[in-house]
>>> print(open('upload_14.cif').read())   # mmCIF, C-alpha atoms and all ligand atoms
data_model
#
loop_
_atom_site.label_atom_id
_atom_site.label_comp_id
_atom_site.auth_asym_id
_atom_site.auth_seq_id
_atom_site.Cartn_x
_atom_site.Cartn_y
_atom_site.Cartn_z
CA MET A 10 82.35 126.54 36.73
CA PRO A 11 85.65 125.14 37.98
CA ARG A 12 88.48 125.40 35.50
CA THR A 13 89.82 122.08 34.31
CA ALA A 14 93.16 121.22 35.83
CA PRO A 15 93.94 117.56 35.25
CA ARG A 16 95.07 115.70 38.35
CA THR A 17 98.25 114.15 37.12
CA THR A 18 100.34 114.24 40.28
CA PRO A 19 100.06 111.66 43.06
CA MET A 20 98.29 112.65 46.28
CA ARG A 21 100.57 114.59 48.59
CA CYS A 22 100.78 113.63 52.27
CA LEU A 23 101.53 116.80 54.21
CA ARG A 24 102.52 116.22 57.81
CA ARG A 25 104.00 119.62 58.69
CA ILE A 26 102.51 123.10 58.42
CA ALA A 27 105.49 124.21 56.29
CA GLU A 28 104.74 121.44 53.75
CA LEU A 29 101.09 122.46 53.69
CA ARG A 30 101.99 126.10 53.05
CA GLU A 31 104.36 125.17 50.24
CA CYS A 32 101.72 123.02 48.52
CA LEU A 33 99.04 125.72 48.87
CA ALA A 34 101.40 128.42 47.61
CA GLU A 35 102.05 126.38 44.48
CA TRP A 36 98.33 125.87 43.86
CA ARG A 37 97.65 129.57 44.40
CA ARG A 38 100.43 130.56 41.97
CA ARG A 39 98.60 128.44 39.41
CA GLU A 40 95.28 130.08 40.37
CA LEU A 41 93.75 126.78 41.38
CA ARG A 42 90.88 126.99 43.83
CA VAL A 43 90.95 124.79 46.91
CA ALA A 44 88.10 122.83 48.49
CA LEU A 45 88.76 121.64 52.03
CA VAL A 46 87.33 118.47 53.61
CA PRO A 47 88.12 118.48 57.35
CA THR A 48 87.82 115.02 58.94
CA MET A 49 88.88 113.11 62.01
CA GLY A 50 89.81 110.11 59.85
CA ASN A 51 88.37 106.58 60.05
CA LEU A 52 86.88 107.42 56.69
CA HIS A 53 83.67 105.89 55.37
CA ARG A 54 81.39 106.36 52.37
CA GLY A 55 80.06 109.61 53.87
CA HIS A 56 83.53 111.18 53.90
CA LEU A 57 84.13 110.00 50.34
CA ALA A 58 80.94 111.80 49.26
CA LEU A 59 82.37 114.97 50.84
CA LEU A 60 85.56 114.44 48.86
CA ARG A 61 83.61 113.92 45.63
CA ARG A 62 81.76 117.15 46.30
CA ALA A 63 85.06 118.94 46.96
CA ARG A 64 86.38 117.75 43.61
CA ARG A 65 83.31 119.18 41.90
CA GLU A 66 83.58 122.49 43.74
CA ALA A 67 87.23 123.37 43.06
CA GLU A 68 90.29 122.39 41.09
CA ARG A 69 92.09 121.00 44.13
CA ALA A 70 90.63 118.87 46.92
CA LEU A 71 92.48 118.95 50.23
CA ALA A 72 91.44 116.61 53.06
CA THR A 73 92.61 116.92 56.64
CA ILE A 74 92.79 114.14 59.20
CA PHE A 75 93.08 115.22 62.80
CA VAL A 76 91.37 113.78 65.87
CA ASN A 77 90.84 117.09 67.57
CA PRO A 78 91.39 116.78 71.34
CA ILE A 79 89.64 120.04 72.21
CA GLN A 80 86.23 118.92 70.95
CA PHE A 81 86.11 115.94 73.34
CA GLY A 82 84.97 116.49 76.91
CA PRO A 83 86.36 114.73 79.99
CA GLY A 84 85.23 111.09 79.97
CA GLU A 85 84.42 111.15 76.23
CA ASP A 86 85.94 108.82 73.65
CA TYR A 87 89.03 110.80 72.55
CA ALA A 88 91.42 107.97 73.47
CA GLU A 89 89.43 105.19 71.81
CA TYR A 90 88.18 107.17 68.80
CA PRO A 91 89.01 104.85 65.86
CA ARG A 92 92.27 105.81 64.14
CA THR A 93 92.96 104.10 60.80
CA PRO A 94 95.47 106.36 59.01
CA GLU A 95 96.89 103.85 56.50
CA ARG A 96 93.46 102.81 55.25
CA ASP A 97 92.34 106.45 55.19
CA LEU A 98 95.28 107.42 53.01
CA GLU A 99 94.54 104.59 50.62
CA LEU A 100 90.89 105.65 50.33
CA LEU A 101 91.77 109.31 49.80
CA ARG A 102 94.30 108.35 47.13
CA GLU A 103 91.81 106.05 45.37
CA HIS A 104 89.09 108.70 45.45
CA GLY A 105 91.15 111.49 43.98
CA ALA A 106 92.22 113.74 46.87
CA ASP A 107 95.01 116.03 45.70
CA ALA A 108 96.55 116.32 49.15
CA VAL A 109 95.95 115.35 52.74
CA PHE A 110 97.15 117.28 55.77
CA LEU A 111 97.83 115.10 58.84
CA PRO A 112 99.11 117.48 61.50
CA GLN A 113 100.52 116.49 64.88
CA THR A 114 98.79 117.84 68.00
CA GLU A 115 102.10 119.35 69.16
CA GLU A 116 102.43 121.41 66.00
CA LEU A 117 98.83 122.65 66.05
CA PHE A 118 98.88 123.34 69.79
CA PRO A 119 102.51 124.24 70.57
CA HIS A 120 101.48 125.85 73.87
CA GLY A 121 99.10 123.05 74.80
CA THR A 122 95.35 122.94 74.51
CA GLU A 123 94.38 124.44 77.89
CA GLY A 124 94.99 128.14 77.35
CA HIS A 125 94.32 128.09 73.62
CA THR A 126 92.21 130.89 72.14
CA GLN A 127 88.65 129.73 71.61
CA VAL A 128 86.14 130.54 68.93
CA ARG A 129 82.46 130.29 69.91
CA ALA A 130 79.08 130.73 68.27
CA PRO A 131 77.21 131.45 71.51
CA GLU A 132 73.72 131.57 70.01
CA LEU A 133 74.11 128.03 68.71
CA ASP A 134 76.60 126.16 70.81
CA GLY A 135 74.88 125.66 74.18
CA ILE A 136 71.68 123.94 73.03
CA LEU A 137 70.87 120.39 71.86
CA CYS A 138 74.23 118.54 71.62
CA GLY A 139 75.93 121.56 73.20
CA ALA A 140 73.83 121.13 76.36
CA SER A 141 75.15 117.64 77.04
CA ARG A 142 78.65 118.25 75.61
CA PRO A 143 79.74 121.60 77.07
CA GLY A 144 82.67 123.06 75.14
CA HIS A 145 82.26 120.62 72.24
CA PHE A 146 81.25 123.18 69.63
CA ALA A 147 83.85 125.68 70.82
CA GLY A 148 86.39 122.90 70.20
CA VAL A 149 84.97 122.28 66.72
CA ALA A 150 84.72 125.97 65.79
CA THR A 151 88.24 126.61 67.06
CA ILE A 152 89.87 123.80 65.10
CA VAL A 153 87.90 124.59 61.95
CA ALA A 154 88.82 128.28 62.22
CA LYS A 155 92.45 127.21 62.62
CA LEU A 156 92.28 124.91 59.60
CA PHE A 157 90.68 127.73 57.60
CA GLY A 158 93.49 130.04 58.74
CA LEU A 159 96.11 127.54 57.65
CA THR A 160 94.54 126.61 54.33
CA ARG A 161 92.42 129.64 53.28
CA PRO A 162 90.02 127.39 51.37
CA ASP A 163 87.67 128.75 48.73
CA VAL A 164 85.12 126.14 49.73
CA ALA A 165 84.79 123.78 52.69
CA VAL A 166 82.57 120.70 52.68
CA PHE A 167 80.77 119.29 55.73
CA GLY A 168 78.17 116.57 56.26
CA LEU A 169 74.54 117.43 56.94
CA LYS A 170 74.34 114.71 59.59
CA ASP A 171 76.21 116.93 62.05
CA TYR A 172 73.57 119.57 61.50
CA GLN A 173 74.29 121.72 64.54
CA GLN A 174 78.02 121.57 63.76
CA LEU A 175 77.28 122.74 60.22
CA LEU A 176 75.31 125.76 61.47
CA VAL A 177 77.99 126.61 64.06
CA ILE A 178 80.67 126.52 61.35
CA ARG A 179 78.55 128.57 58.91
CA ARG A 180 77.93 131.18 61.59
CA MET A 181 81.57 131.24 62.68
CA ALA A 182 82.84 131.60 59.10
CA ALA A 183 80.32 134.38 58.37
CA ASP A 184 80.86 136.29 61.65
CA LEU A 185 84.66 136.18 61.31
CA ALA A 186 84.51 136.93 57.57
CA LEU A 187 86.69 133.92 56.83
CA GLY A 188 85.67 133.92 53.19
CA ALA A 189 85.23 130.18 52.72
CA ARG A 190 81.95 129.10 51.18
CA ILE A 191 80.49 126.33 53.32
CA VAL A 192 78.70 123.56 51.45
CA ALA A 193 76.81 120.61 52.92
CA GLU A 194 76.47 117.08 51.63
CA PRO A 195 73.43 114.91 52.45
CA THR A 196 73.87 112.21 55.07
CA ALA A 197 75.17 108.89 53.76
CA ARG A 198 73.15 105.96 55.15
CA GLU A 199 73.27 102.20 55.37
CA ALA A 200 70.51 100.37 53.46
CA ASP A 201 68.40 100.20 56.66
CA GLY A 202 68.62 103.98 57.20
CA LEU A 203 71.35 104.15 59.86
CA ALA A 204 73.49 107.24 59.27
CA LEU A 205 77.14 106.36 58.64
CA SER A 206 79.34 107.32 61.58
CA SER A 207 82.70 106.24 62.91
CA ARG A 208 80.94 105.66 66.22
CA ASN A 209 78.76 102.91 64.71
CA ALA A 210 81.81 100.70 65.29
CA TYR A 211 81.02 100.82 69.03
CA LEU A 212 77.68 98.99 68.47
CA SER A 213 77.34 95.29 69.37
CA PRO A 214 75.41 93.16 66.80
CA PRO A 215 72.06 93.49 68.69
CA GLU A 216 72.63 97.25 69.10
CA ARG A 217 73.46 97.54 65.41
CA ALA A 218 70.17 95.81 64.61
CA ALA A 219 68.27 98.30 66.82
CA ALA A 220 70.15 101.40 65.63
CA PRO A 221 68.03 102.27 62.52
CA ALA A 222 65.18 103.10 64.94
CA LEU A 223 66.86 106.48 65.45
CA TYR A 224 66.23 107.60 61.86
CA ARG A 225 62.84 105.89 61.69
CA THR A 226 61.76 107.82 64.79
CA LEU A 227 62.81 111.09 63.13
CA GLU A 228 60.94 110.13 59.96
CA ARG A 229 57.76 109.46 61.93
CA LEU A 230 58.13 112.67 63.94
CA ALA A 231 58.74 114.78 60.81
CA GLY A 232 55.83 113.03 59.07
CA ARG A 233 53.43 113.89 61.91
CA VAL A 234 54.53 117.52 61.95
CA ARG A 235 54.35 117.73 58.15
CA ASP A 236 50.84 116.27 58.25
CA GLY A 237 49.74 119.14 60.48
CA ALA A 238 49.66 117.51 63.91
CA ARG A 239 49.86 120.21 66.61
CA GLY A 240 51.64 120.36 69.90
CA LEU A 241 55.32 119.91 69.10
CA GLN A 242 56.32 119.20 72.67
CA ALA A 243 53.93 116.27 72.95
CA LEU A 244 55.11 114.95 69.58
CA GLU A 245 58.74 115.20 70.69
CA GLU A 246 57.93 113.42 73.94
CA ARG A 247 56.22 110.65 72.03
CA ALA A 248 59.31 110.29 69.80
CA ARG A 249 61.52 110.05 72.91
CA GLU A 250 59.31 107.27 74.23
CA GLU A 251 59.54 105.44 70.91
CA LEU A 252 63.33 105.66 71.05
CA ALA A 253 63.42 104.41 74.63
CA ALA A 254 61.15 101.51 73.63
CA ALA A 255 63.69 100.62 70.91
CA GLY A 256 66.45 100.35 73.55
CA PHE A 257 67.98 103.86 73.28
CA ARG A 258 68.69 106.27 76.10
CA PRO A 259 67.50 109.47 74.41
CA GLU A 260 69.33 112.72 75.14
CA TYR A 261 66.98 114.88 73.11
CA VAL A 262 64.54 114.66 70.24
CA SER A 263 63.55 118.05 68.96
CA VAL A 264 62.00 119.87 66.02
CA ARG A 265 63.72 123.21 65.38
CA ASP A 266 63.86 126.02 62.88
CA ALA A 267 66.27 124.74 60.22
CA ARG A 268 68.16 128.06 59.97
CA THR A 269 68.45 129.11 63.61
CA LEU A 270 67.77 125.96 65.67
CA ALA A 271 65.28 128.03 67.68
CA PRO A 272 62.00 126.34 68.69
CA PRO A 273 59.66 127.07 65.77
CA ALA A 274 56.33 128.85 65.84
CA ASP A 275 53.75 126.22 66.72
CA PRO A 276 51.32 125.96 65.00
CA ALA A 277 52.93 126.99 61.71
CA PRO A 278 52.48 130.67 60.79
CA ALA A 279 49.77 131.57 58.28
CA ARG A 280 52.23 132.34 55.49
CA GLY A 281 54.93 130.47 53.69
CA PRO A 282 56.30 127.00 54.38
CA GLN A 283 58.33 126.61 57.55
CA ARG A 284 61.80 125.10 57.10
CA LEU A 285 62.30 122.75 60.02
CA VAL A 286 64.70 120.05 61.12
CA ALA A 287 64.04 117.08 63.40
CA LEU A 288 67.16 116.28 65.42
CA ALA A 289 68.01 113.59 67.93
CA ALA A 290 70.90 112.37 70.03
CA ALA A 291 70.64 109.12 71.92
CA ARG A 292 72.88 106.54 73.50
CA LEU A 293 72.79 102.92 72.51
CA GLY A 294 75.19 100.78 74.53
CA LYS A 295 78.38 102.80 74.66
CA ALA A 296 77.71 104.64 71.39
CA ARG A 297 76.26 108.14 71.30
CA LEU A 298 74.45 108.47 67.99
CA ILE A 299 73.04 111.59 66.38
CA ASP A 300 70.87 112.08 63.33
CA CYS A 301 68.67 114.70 61.73
CA LEU A 302 66.02 115.14 59.08
CA PRO A 303 65.36 118.54 57.47
CA PHE A 304 61.80 118.99 56.19
CA GLU A 305 59.14 121.61 55.45
CA ARG A 306 55.76 122.22 57.02
CA GLN A 307 53.15 124.13 55.08
CA ALA A 308 51.53 127.28 56.41
CA THR A 309 48.45 126.94 58.62
CA PRO A 310 45.48 127.91 56.45
CA PRO A 311 43.26 130.67 57.89
CA ASP A 312 40.54 128.12 58.75
CA GLY A 313 43.12 126.34 60.89
CA SER A 314 42.27 123.00 59.33
CA PRO A 315 45.61 121.26 60.15
CA GLU A 316 44.47 121.41 63.77
CA GLN A 317 41.84 118.87 62.86
CA GLN A 318 44.43 116.38 61.69
CA PRO A 319 44.50 113.38 64.01
CA VAL A 320 47.92 112.50 65.42
CA LYS A 321 48.93 109.24 63.74
O1 LIG B 1 82.92 116.40 61.82
C1 LIG B 1 84.09 116.13 62.15
O2 LIG B 1 84.67 115.12 61.76
C2 LIG B 1 84.83 117.08 63.08
O3 LIG B 1 83.98 117.64 64.03
C3 LIG B 1 85.60 118.18 62.32
C4 LIG B 1 84.67 119.09 61.55
C5 LIG B 1 86.60 117.54 61.36
C6 LIG B 1 86.39 119.06 63.30
O4 LIG B 1 87.29 118.31 64.04
#
>>> encode(input="upload_14.cif", output="structure tokens")
Amino acid sequence: MPRTAPRTTPMRCLRRIAELRECLAEWRRRELRVALVPTMGNLHRGHLALLRRARREAERALATIFVNPIQFGPGEDYAEYPRTPERDLELLREHGADAVFLPQTEELFPHGTEGHTQVRAPELDGILCGASRPGHFAGVATIVAKLFGLTRPDVAVFGLKDYQQLLVIRRMAADLALGARIVAEPTAREADGLALSSRNAYLSPPERAAAPALYRTLERLAGRVRDGARGLQALEERAREELAAAGFRPEYVSVRDARTLAPPADPAPARGPQRLVALAAARLGKARLIDCLPFERQATPPDGSPEQQPVK
């Protein structure tokens, strides 16, 4: 259990690496554990849930705000990504962050971004979102490894919505023995099921009205698989068609092994429940939205009865 260390000091805004180091050194001298919440700012309820989790996990909660240029590909939305630092600071202060680190690109990348050392998780980073955003997960893994190097957190908190990102970071932290325990918070949603995302701001009112179809499609897909329908590829194709009918331009809809993101055995093996995740990325207007739904499918009984289940 975390030791109790009352938060009596105001939130610290750390803009330079030296200030960050000084703050962390003081916390370490006092044997306070640190939970890190890396963000790109434009904070919403989902980020605040990560912060709440961080406060439960350690005596000190440290957020970072940095729109990381190396995780955006050419032609992506780096320039227009919403930046709302004053409001973000207010929210972090109100919700009990102990400190926030807001580095400048020049200080994190003093030699530029081009020749920077890269961290990759090659078994995970070229599929699904990685297939349409080459280099994206290397950019994420690299900045997160750098933030871990700078802050040496005991715990780091990430959202489950970015499921592939979460697995890449877990794998990177384990492979490089970075020591931080990675914890995941469930996806925060609007009342109609749309996952909270800074990119929802790109949706026009009619697109916003159509957007919950992404999660509903995943729910239907997961439901069919859970109910024992066979033929994952056909089910995924049907889900893609449903998304297209709702006005999306689907990039992928896929059911994967929840631990490895590999295509799962289909039908389910005879023993044990299969831990799966339904994932999708799709464009709606100029927004690229992603979502996921982890679920379990029961083993196929020896008489193969799930095969008989009609596809709903
Ligand atoms: O999920 C995000 O906001 C970003 O990808 C992260 C983890 C902060 C790295 O820039």
>>> closest_atom_pairs(input="upload_14.cif", of="chain A", to="ligand LIG 1 (chain B)", cutoff="9 Å", atoms="all atoms listed in the file", output="Markdown table")
| residue | atom | partner | partner_atom | distance |
| --- | --- | --- | --- | --- |
| A:Val46 | CA | B:LIG1 | C5 | 7.8 |
| A:Pro47 | CA | B:LIG1 | C5 | 4.4 |
| A:Thr48 | CA | B:LIG1 | C5 | 3.7 |
| A:Met49 | CA | B:LIG1 | O2 | 4.7 |
| A:Gly50 | CA | B:LIG1 | O2 | 7.4 |
| A:His56 | CA | B:LIG1 | O2 | 8.9 |
| A:Thr73 | CA | B:LIG1 | C5 | 7.7 |
| A:Ile74 | CA | B:LIG1 | C5 | 7.4 |
| A:Phe75 | CA | B:LIG1 | O4 | 6.7 |
| A:Val76 | CA | B:LIG1 | O4 | 6.4 |
| A:Asn77 | CA | B:LIG1 | O4 | 5.2 |
| A:Pro78 | CA | B:LIG1 | O4 | 8.5 |
| A:Ile79 | CA | B:LIG1 | O4 | 8.7 |
| A:Gln80 | CA | B:LIG1 | O4 | 7.0 |
| A:His145 | CA | B:LIG1 | O3 | 8.9 |
| A:Phe146 | CA | B:LIG1 | O3 | 8.3 |
| A:Gly148 | CA | B:LIG1 | O4 | 7.7 |
| A:Val149 | CA | B:LIG1 | C6 | 4.9 |
| A:Ala150 | CA | B:LIG1 | C6 | 7.5 |
| A:Thr151 | CA | B:LIG1 | C6 | 8.6 |
| A:Ile152 | CA | B:LIG1 | C6 | 6.1 |
| A:Val153 | CA | B:LIG1 | C6 | 5.9 |
| A:Phe167 | CA | B:LIG1 | C4 | 7.0 |
| A:Gly168 | CA | B:LIG1 | O1 | 7.3 |
| A:Asp171 | CA | B:LIG1 | O1 | 6.7 |
| A:Gln174 | CA | B:LIG1 | O3 | 7.1 |
| A:Leu175 | CA | B:LIG1 | C4 | 8.3 |
| A:Ile178 | CA | B:LIG1 | C4 | 8.4 |
>>> closest_residue(input="upload_14.cif", among="A:Ala154, A:Ile136, A:Leu100, A:Leu212", to="A:Phe257", atoms="only C-alpha atoms")
A:Leu212
>>> residues_near_point(input="upload_14.cif", point="(67.0, 110.0, 79.3)", cutoff="9 Å", atoms="only C-alpha atoms", output="list in words")
Arg249, Ala253, Phe257, Arg258, Pro259, Glu260, Tyr261, Ala291 and Arg292 of chain A
>>> closest_residue(input="upload_14.cif", among="A:Glu245, A:Ala193, A:Leu23, A:Arg208", to="A:Glu85", atoms="all atoms listed in the file")
A:Arg208
>>> residues_around(input="upload_14.cif", residues="stretch 30-38 of chain A", least_positions_apart="3", cutoff="9 Å", atoms="only C-alpha atoms", output="JSON, numbers by chain")
{"A": [21, 23, 25, 26, 27, 41, 42, 43, 69, 108, 159, 160, 161]}
>>> atom_distance(input="upload_14.cif", atom1="atom CA of A:Tyr224", atom2="atom CA of A:Ala204")
7.7 Å
>>> atom_distance(input="upload_14.cif", atom1="atom CA of A:Ala63", atom2="atom CA of A:Val109")
12.8 Å
>>> residues_near_point(input="upload_14.cif", point="(66.9, 127.0, 59.3)", cutoff="8 Å", atoms="all atoms listed in the file", output="JSON list (two decimals) with C-alpha atoms, keeping the file's coordinate frame")
[["chain", "number", "residue", "atom", "x", "y", "z"],
["A", 265, "ARG", "CA", 63.72, 123.21, 65.38],
["A", 266, "ASP", "CA", 63.86, 126.02, 62.88],
["A", 267, "ALA", "CA", 66.27, 124.74, 60.22],
["A", 268, "ARG", "CA", 68.16, 128.06, 59.97],
["A", 269, "THR", "CA", 68.45, 129.11, 63.61],
["A", 270, "LEU", "CA", 67.77, 125.96, 65.67],
["A", 284, "ARG", "CA", 61.80, 125.10, 57.10],
["A", 285, "LEU", "CA", 62.30, 122.75, 60.02],
["A", 286, "VAL", "CA", 64.70, 120.05, 61.12]]
>>> residues_around(input="upload_14.cif", residues="A:Val262", least_positions_apart="4", cutoff="12 Å", atoms="only C-alpha atoms", output="PyMOL selection string")
chain A and resi 137-138+223-224+226-231+241-253+257-258+286-291+298-302
>>> atom_distance(input="upload_14.cif", atom1="atom CA of A:Arg92", atom2="atom CA of A:Arg24")
15.9 Å
>>> closest_residue(input="upload_14.cif", among="A:Arg225, A:Lys155, A:Arg142, A:Arg65", to="A:Thr126", atoms="all atoms listed in the file")
A:Lys155
>>> decode(input="upload_14.cif", residues="stretch 165-175 of chain A", atoms="all heavy atoms", output="CSV table (one decimal), in the first residue's frame")
chain,number,residue,atom,x,y,z
A,165,ALA,N,3.9,3.7,-14.3
A,165,ALA,CA,3.4,4.6,-15.3
A,165,ALA,C,2.1,4.2,-15.8
A,165,ALA,O,1.8,3.0,-15.9
A,165,ALA,CB,4.4,4.6,-16.5
A,166,VAL,N,1.2,5.2,-16.0
A,166,VAL,CA,-0.2,4.9,-16.3
A,166,VAL,C,-0.6,5.3,-17.7
A,166,VAL,O,-0.3,6.4,-18.1
A,166,VAL,CB,-1.1,5.7,-15.3
A,166,VAL,CG1,-2.6,5.2,-15.4
A,166,VAL,CG2,-0.7,5.5,-13.9
A,167,PHE,N,-1.2,4.3,-18.4
A,167,PHE,CA,-1.6,4.6,-19.8
A,167,PHE,C,-3.1,4.2,-20.0
A,167,PHE,O,-3.6,3.3,-19.2
A,167,PHE,CB,-0.7,3.8,-20.8
A,167,PHE,CG,0.7,4.3,-20.8
A,167,PHE,CD1,1.6,3.7,-19.9
A,167,PHE,CD2,1.1,5.3,-21.6
A,167,PHE,CE1,2.9,4.1,-19.8
A,167,PHE,CE2,2.5,5.7,-21.5
A,167,PHE,CZ,3.3,5.1,-20.6
A,168,GLY,N,-3.7,4.7,-21.0
A,168,GLY,CA,-5.1,4.4,-21.3
A,168,GLY,C,-5.2,3.1,-22.1
A,168,GLY,O,-4.4,2.8,-23.0
A,169,LEU,N,-6.3,2.3,-21.8
A,169,LEU,CA,-6.5,1.1,-22.6
A,169,LEU,C,-6.9,1.3,-24.0
A,169,LEU,O,-6.8,0.5,-24.9
A,169,LEU,CB,-7.6,0.3,-21.8
A,169,LEU,CG,-7.6,-1.2,-22.0
A,169,LEU,CD1,-6.4,-1.9,-21.5
A,169,LEU,CD2,-8.9,-1.8,-21.3
A,170,LYS,N,-7.5,2.5,-24.2
A,170,LYS,CA,-8.0,2.8,-25.6
A,170,LYS,C,-6.9,2.7,-26.6
A,170,LYS,O,-7.1,2.1,-27.7
A,170,LYS,CB,-8.6,4.2,-25.7
A,170,LYS,CG,-9.1,4.6,-27.0
A,170,LYS,CD,-9.6,5.9,-27.1
A,170,LYS,CE,-8.8,6.9,-27.8
A,170,LYS,NZ,-8.0,7.5,-28.4
A,171,ASP,N,-5.7,3.1,-26.3
A,171,ASP,CA,-4.6,3.0,-27.2
A,171,ASP,C,-3.9,1.6,-26.9
A,171,ASP,O,-2.8,1.5,-26.4
A,171,ASP,CB,-3.6,4.1,-27.0
A,171,ASP,CG,-4.2,5.5,-27.4
A,171,ASP,OD1,-4.4,5.7,-28.6
A,171,ASP,OD2,-4.5,6.3,-26.4
A,172,TYR,N,-4.7,0.6,-27.3
A,172,TYR,CA,-4.3,-0.8,-26.8
A,172,TYR,C,-3.0,-1.2,-27.4
A,172,TYR,O,-2.1,-1.7,-26.6
A,172,TYR,CB,-5.4,-1.7,-27.3
A,172,TYR,CG,-5.3,-3.0,-26.6
A,172,TYR,CD1,-6.0,-3.2,-25.3
A,172,TYR,CD2,-4.6,-4.1,-27.1
A,172,TYR,CE1,-5.9,-4.4,-24.7
A,172,TYR,CE2,-4.5,-5.3,-26.4
A,172,TYR,CZ,-5.2,-5.5,-25.2
A,172,TYR,OH,-5.1,-6.7,-24.5
A,173,GLN,N,-2.8,-1.0,-28.7
A,173,GLN,CA,-1.5,-1.4,-29.3
A,173,GLN,C,-0.3,-0.6,-28.7
A,173,GLN,O,0.7,-1.1,-28.4
A,173,GLN,CB,-1.6,-1.2,-30.8
A,173,GLN,CG,-0.4,-1.8,-31.5
A,173,GLN,CD,-0.5,-1.7,-33.1
A,173,GLN,OE1,-1.5,-1.1,-33.6
A,173,GLN,NE2,0.4,-2.3,-33.8
A,174,GLN,N,-0.6,0.7,-28.4
A,174,GLN,CA,0.5,1.5,-27.8
A,174,GLN,C,0.8,0.9,-26.4
A,174,GLN,O,2.0,0.8,-26.0
A,174,GLN,CB,-0.1,3.0,-27.6
A,174,GLN,CG,0.7,3.8,-26.7
A,174,GLN,CD,0.3,5.3,-26.7
A,174,GLN,OE1,0.6,6.0,-27.6
A,174,GLN,NE2,-0.3,5.7,-25.6
A,175,LEU,N,-0.2,0.6,-25.7
A,175,LEU,CA,0.0,0.0,-24.3
A,175,LEU,C,0.9,-1.3,-24.4
A,175,LEU,O,1.8,-1.4,-23.6
A,175,LEU,CB,-1.4,-0.3,-23.7
A,175,LEU,CG,-1.3,-1.0,-22.4
A,175,LEU,CD1,-0.8,-0.1,-21.3
A,175,LEU,CD2,-2.7,-1.6,-22.0
